[in-house]
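Undergrad: The following file, work_23.tsv, comprises TSV, C-alpha atoms and all ligand atoms:
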chain	number	residue	atom	x	y	z
L	620	MET	CA	210.68	97.32	12.21
L	621	LYS	CA	209.17	96.89	8.72
L	622	ILE	CA	211.51	96.83	5.72
L	623	LEU	CA	210.44	96.90	2.05
L	624	PHE	CA	212.88	96.04	-0.75
L	625	VAL	CA	212.04	97.65	-4.10
L	626	CYS	CA	213.25	96.93	-7.65
L	627	LEU	CA	211.68	97.16	-11.11
L	628	GLY	CA	209.97	93.81	-11.69
L	629	ASN	CA	209.93	92.32	-8.15
L	630	ILE	CA	211.17	89.00	-9.52
L	631	CYS	CA	214.98	89.29	-9.22
L	632	ARG	CA	216.66	91.81	-6.91
L	633	SER	CA	214.00	92.81	-4.38
L	634	PRO	CA	212.65	89.31	-3.65
L	635	ALA	CA	216.29	88.25	-3.29
L	636	GLY	CA	216.80	91.05	-0.76
L	637	GLU	CA	213.73	89.99	1.16
L	638	ASN	CA	214.82	86.34	1.26
L	639	VAL	CA	218.48	87.09	2.07
L	640	LEU	CA	217.55	89.33	5.00
L	641	ARG	CA	215.00	86.84	6.31
L	642	HIS	CA	217.55	84.02	6.07
L	643	ILE	CA	220.24	85.89	8.01
L	644	LEU	CA	217.70	86.95	10.64
L	645	THR	CA	216.53	83.34	10.97
L	646	GLN	CA	220.12	82.14	11.44
L	647	GLN	CA	220.65	84.79	14.12
L	648	HIS	CA	217.29	84.14	15.86
L	649	LEU	CA	216.23	87.74	15.16
L	650	THR	CA	213.10	87.18	13.05
L	651	ASP	CA	210.87	88.74	15.70
L	652	ARG	CA	212.68	92.07	15.21
L	653	CYS	CA	211.57	92.70	11.68
L	654	SER	CA	208.90	92.08	9.07
L	655	ILE	CA	210.10	92.09	5.49
L	656	ASP	CA	208.44	92.38	2.09
L	657	SER	CA	209.36	93.38	-1.46
L	658	ALA	CA	207.66	95.14	-4.36
L	659	GLY	CA	208.31	96.32	-7.90
L	660	THR	CA	207.78	99.76	-9.37
L	661	ALA	CA	206.26	98.01	-12.42
L	662	ALA	CA	203.26	95.66	-12.37
L	663	TRP	CA	204.37	93.40	-15.27
L	664	HIS	CA	205.08	90.33	-13.15
L	665	THR	CA	202.34	90.67	-10.51
L	666	GLY	CA	201.50	87.31	-8.95
L	667	LYS	CA	204.62	85.52	-10.25
L	668	GLY	CA	207.24	83.92	-8.05
L	669	PRO	CA	210.89	84.96	-8.20
L	670	ASP	CA	212.83	84.41	-11.47
L	671	ALA	CA	214.10	80.81	-11.79
L	672	ARG	CA	217.72	81.98	-12.21
L	673	MET	CA	217.54	84.02	-9.01
L	674	THR	CA	215.80	81.17	-7.18
L	675	THR	CA	218.62	78.78	-8.14
L	676	THR	CA	221.30	81.29	-7.18
L	677	LEU	CA	219.76	81.74	-3.72
L	678	GLN	CA	219.09	78.06	-3.14
L	679	LYS	CA	222.72	77.20	-3.98
L	680	ARG	CA	223.67	79.35	-1.00
L	681	GLY	CA	221.14	77.59	1.22
L	682	ILE	CA	218.70	80.50	1.18
L	683	PRO	CA	214.98	79.49	1.05
L	684	VAL	CA	212.95	81.42	-1.53
L	685	THR	CA	209.36	82.59	-1.12
L	686	GLY	CA	207.21	85.44	-2.42
L	687	LYS	CA	204.87	86.61	-5.16
L	688	ALA	CA	205.48	89.77	-7.14
L	689	ARG	CA	203.40	92.87	-6.49
L	690	GLN	CA	203.58	96.54	-7.37
L	691	ILE	CA	204.48	99.14	-4.73
L	692	THR	CA	201.54	101.35	-3.63
L	693	PRO	CA	201.37	104.75	-1.88
L	694	ALA	CA	200.14	102.91	1.26
L	695	ASP	CA	203.55	101.18	1.45
L	696	LEU	CA	205.19	104.57	2.01
L	697	GLU	CA	203.24	104.87	5.23
L	698	SER	CA	203.30	101.32	6.51
L	699	PHE	CA	207.02	100.53	6.10
L	700	ASP	CA	209.81	102.03	8.21
L	701	LEU	CA	212.53	101.61	5.59
L	702	ILE	CA	212.04	101.41	1.81
L	703	LEU	CA	215.22	100.26	0.11
L	704	THR	CA	215.60	100.78	-3.63
L	705	MET	CA	218.03	98.77	-5.75
L	706	ASP	CA	218.95	101.33	-8.42
L	707	ASP	CA	218.54	105.00	-9.23
L	708	GLU	CA	215.60	104.40	-11.55
L	709	ASN	CA	213.73	102.54	-8.77
L	710	TYR	CA	214.52	105.39	-6.37
L	711	HIS	CA	213.13	108.04	-8.70
L	712	ASN	CA	210.06	105.94	-9.50
L	713	VAL	CA	209.27	105.58	-5.79
L	714	LEU	CA	209.55	109.37	-5.42
L	715	LYS	CA	206.88	109.67	-8.13
L	716	LEU	CA	204.42	108.23	-5.57
L	717	LYS	CA	204.71	111.64	-3.89
L	718	PRO	CA	205.90	110.77	-0.38
L	719	SER	CA	205.41	113.29	2.41
L	720	ASP	CA	208.59	114.74	3.92
L	721	ALA	CA	208.52	112.13	6.68
L	722	GLN	CA	207.94	109.30	4.22
L	723	ARG	CA	210.73	110.53	1.98
L	724	GLN	CA	213.25	110.03	4.78
L	725	LYS	CA	212.40	106.32	4.79
L	726	ILE	CA	213.23	105.87	1.07
L	727	GLN	CA	216.91	105.00	0.77
L	728	LYS	CA	219.30	103.39	-1.69
L	729	PHE	CA	220.19	99.88	-0.56
L	730	THR	CA	223.82	100.30	-1.62
L	731	CYS	CA	224.29	102.90	1.15
L	732	TYR	CA	224.44	99.89	3.49
L	733	CYS	CA	227.05	97.90	1.52
L	734	GLN	CA	230.41	97.82	3.28
L	735	HIS	CA	232.39	95.75	0.77
L	736	HIS	CA	230.94	96.94	-2.56
L	737	SER	CA	231.44	100.48	-3.82
L	738	GLN	CA	228.80	100.46	-6.61
L	739	SER	CA	225.97	102.95	-6.10
L	740	GLU	CA	223.36	100.62	-7.64
L	741	VAL	CA	222.52	96.91	-7.45
L	742	PRO	CA	222.70	96.14	-11.21
L	743	ASP	CA	219.67	94.67	-12.95
L	744	PRO	CA	220.61	91.03	-13.74
L	745	TYR	CA	217.55	90.23	-15.88
L	746	TYR	CA	219.15	90.39	-19.34
L	747	GLY	CA	222.60	89.16	-18.30
L	748	GLY	CA	224.32	85.96	-17.24
L	749	GLN	CA	224.91	84.06	-14.02
L	750	ASP	CA	227.66	86.47	-12.90
L	751	GLY	CA	225.05	89.20	-12.56
L	752	PHE	CA	222.85	87.08	-10.29
L	753	ASP	CA	225.84	86.14	-8.12
L	754	LEU	CA	226.86	89.80	-7.82
L	755	VAL	CA	223.32	90.81	-6.78
L	756	VAL	CA	223.29	88.23	-3.98
L	757	ASP	CA	226.83	89.18	-2.89
L	758	MET	CA	225.75	92.82	-2.60
L	759	LEU	CA	222.54	91.91	-0.79
L	760	GLU	CA	224.36	89.75	1.75
L	761	ASP	CA	226.82	92.59	2.34
L	762	GLY	CA	224.21	95.31	2.88
L	763	CYS	CA	221.85	93.09	4.88
L	764	GLN	CA	224.59	92.31	7.40
L	765	GLU	CA	225.00	96.04	7.91
L	766	LEU	CA	221.22	96.63	8.17
L	767	ILE	CA	221.06	94.03	10.92
L	768	GLN	CA	224.01	95.54	12.77
L	769	ARG	CA	222.59	99.01	12.52
L	770	PHE	CA	218.88	98.48	13.19
L	771	LEU	CA	218.13	95.00	14.44
L	772	THR	CA	220.69	93.91	17.02
L	773	SER	CA	220.35	96.55	19.74
L	774	ARG	CA	218.63	95.23	22.84
L	775	ASP	CA	216.80	98.50	23.67
L	801	LIG	P1	214.18	93.05	-11.10
L	801	LIG	O1	214.62	92.57	-12.57
L	801	LIG	O2	213.78	94.51	-11.25
L	801	LIG	O3	215.42	92.89	-10.29
L	801	LIG	O4	213.02	92.17	-10.69
L	801	LIG	C1	213.85	92.70	-13.71
L	801	LIG	C2	212.80	91.82	-13.94
L	801	LIG	C3	212.07	91.92	-15.11
L	801	LIG	C4	212.39	92.89	-16.03
L	801	LIG	C5	213.42	93.78	-15.78
L	801	LIG	C6	214.15	93.68	-14.62
L	801	LIG	N1	211.67	92.96	-17.25
L	801	LIG	O5	212.04	93.76	-18.13
L	801	LIG	O6	210.66	92.23	-17.41
Using the file provided, produce a representation of the structure as structure tokens.
Ligand code: 4NP
TA:
Amino acid sequence: MKILFVCLGNICRSPAGENVLRHILTQQHLTDRCSIDSAGTAAWHTGKGPDARMTTTLQKRGIPVTGKARQITPADLESFDLILTMDDENYHNVLKLKPSDAQRQKIQKFTCYCQHHSQSEVPDPYYGGQDGFDLVVDMLEDGCQELIQRFLTSRD
């Protein structure tokens, strides 16, 4: 299965999603079940690594951080099985890439997978404080556990 996390800049939320999911899969010896990437709807930060504040927040939880920002392309709509957007603006921007009906089914809001957070969006932490970064990672850990349960642990 191929999963793409999508946010605006691809330096805070979506690379965090990619690294959180990869870390949990590594701990559970499930890395062969899934390939994971992330992208932004904007190209502003292309080539940059994740934001230093997000990197620190992840590393404090023992989560290794890798990745370089890139912009989502129409080809991603075809090559990924699940395209998970962080907020409503990301979701609508991905729809502007004009997915086919089949591709549209693969574009989903990440928060649909959260079991312990009721917010409908993963809030953009970029202009806020540390609390925002912690909340993003809390939500990502929550939803990623559910993604694994739902798609990556069956032995079929
Ligand atoms: P992200 O956060 O979408 O979670 O990567 C942001 C990163 C950069 C900006 C906004 C949000 N920015 O305005 O540059």
Undergrad: Give me, as a list in words, the set of residues whose atoms come within 7 Å of any atom of ligand LIG 801 (chain L), counting only C-alpha atoms and all ligand atoms.
TA: Cys626, Leu627, Gly628, Asn629, Ile630, Cys631, Arg632, Ser633, Gly659, Trp663, Asp743, Pro744 and Tyr745 of chain L
Undergrad: Identify, on the basis of all atoms listed in the file, every residue whose closest approach to stretch 758-765 of chain L does not exceed 8 Å; exclude the query and any residue fewer than 6 positions from it along the same chain; express the result as a list in words.
TA: Ala635, Gly636, Val639, Leu640, Ile643, Phe729, Thr730, Cys731, Tyr732, Cys733, Gln734, His735, His736 and Val741 of chain L
Undergrad: Using all atoms listed in the file, pick whichever of L:Pro742, L:Ile682, L:Ala658, L:Arg672 has the shortest atom-to-atom distance to L:Arg641.
TA: L:Ile682
Undergrad: Select, from L:Gly668, L:Arg689, L:Gly751, L:Glu697, the residue with the minimum atom-to-atom distance to L:Lys621, counting all atoms listed in the file.
TA: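 Using all atoms listed in the file, L:Lys621 sits closest to L:Glu697.
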Undergrad: Quick one: distance from atom CA of L:Thr665 to atom CA of L:Ala688 in Å, one decimal?
TA: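 About the pair atom CA of L:Thr665 and atom CA of L:Ala688: they are 4.7 Å apart.
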Undergrad: Find the distance between atom CA of L:Gln647 and atom CA of L:Ser739 and write it in Å to one decimal.
TA: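 We find that atom CA of L:Gln647 and atom CA of L:Ser739 lie 27.7 Å from each other.
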Undergrad: At what distance in Å, to one decimal, does atom CA of L:Asn712 lie from atom CA of L:Met673?
TA: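 Taking atom CA of L:Met673 and atom CA of L:Asn712, their separation equals 23.2 Å.
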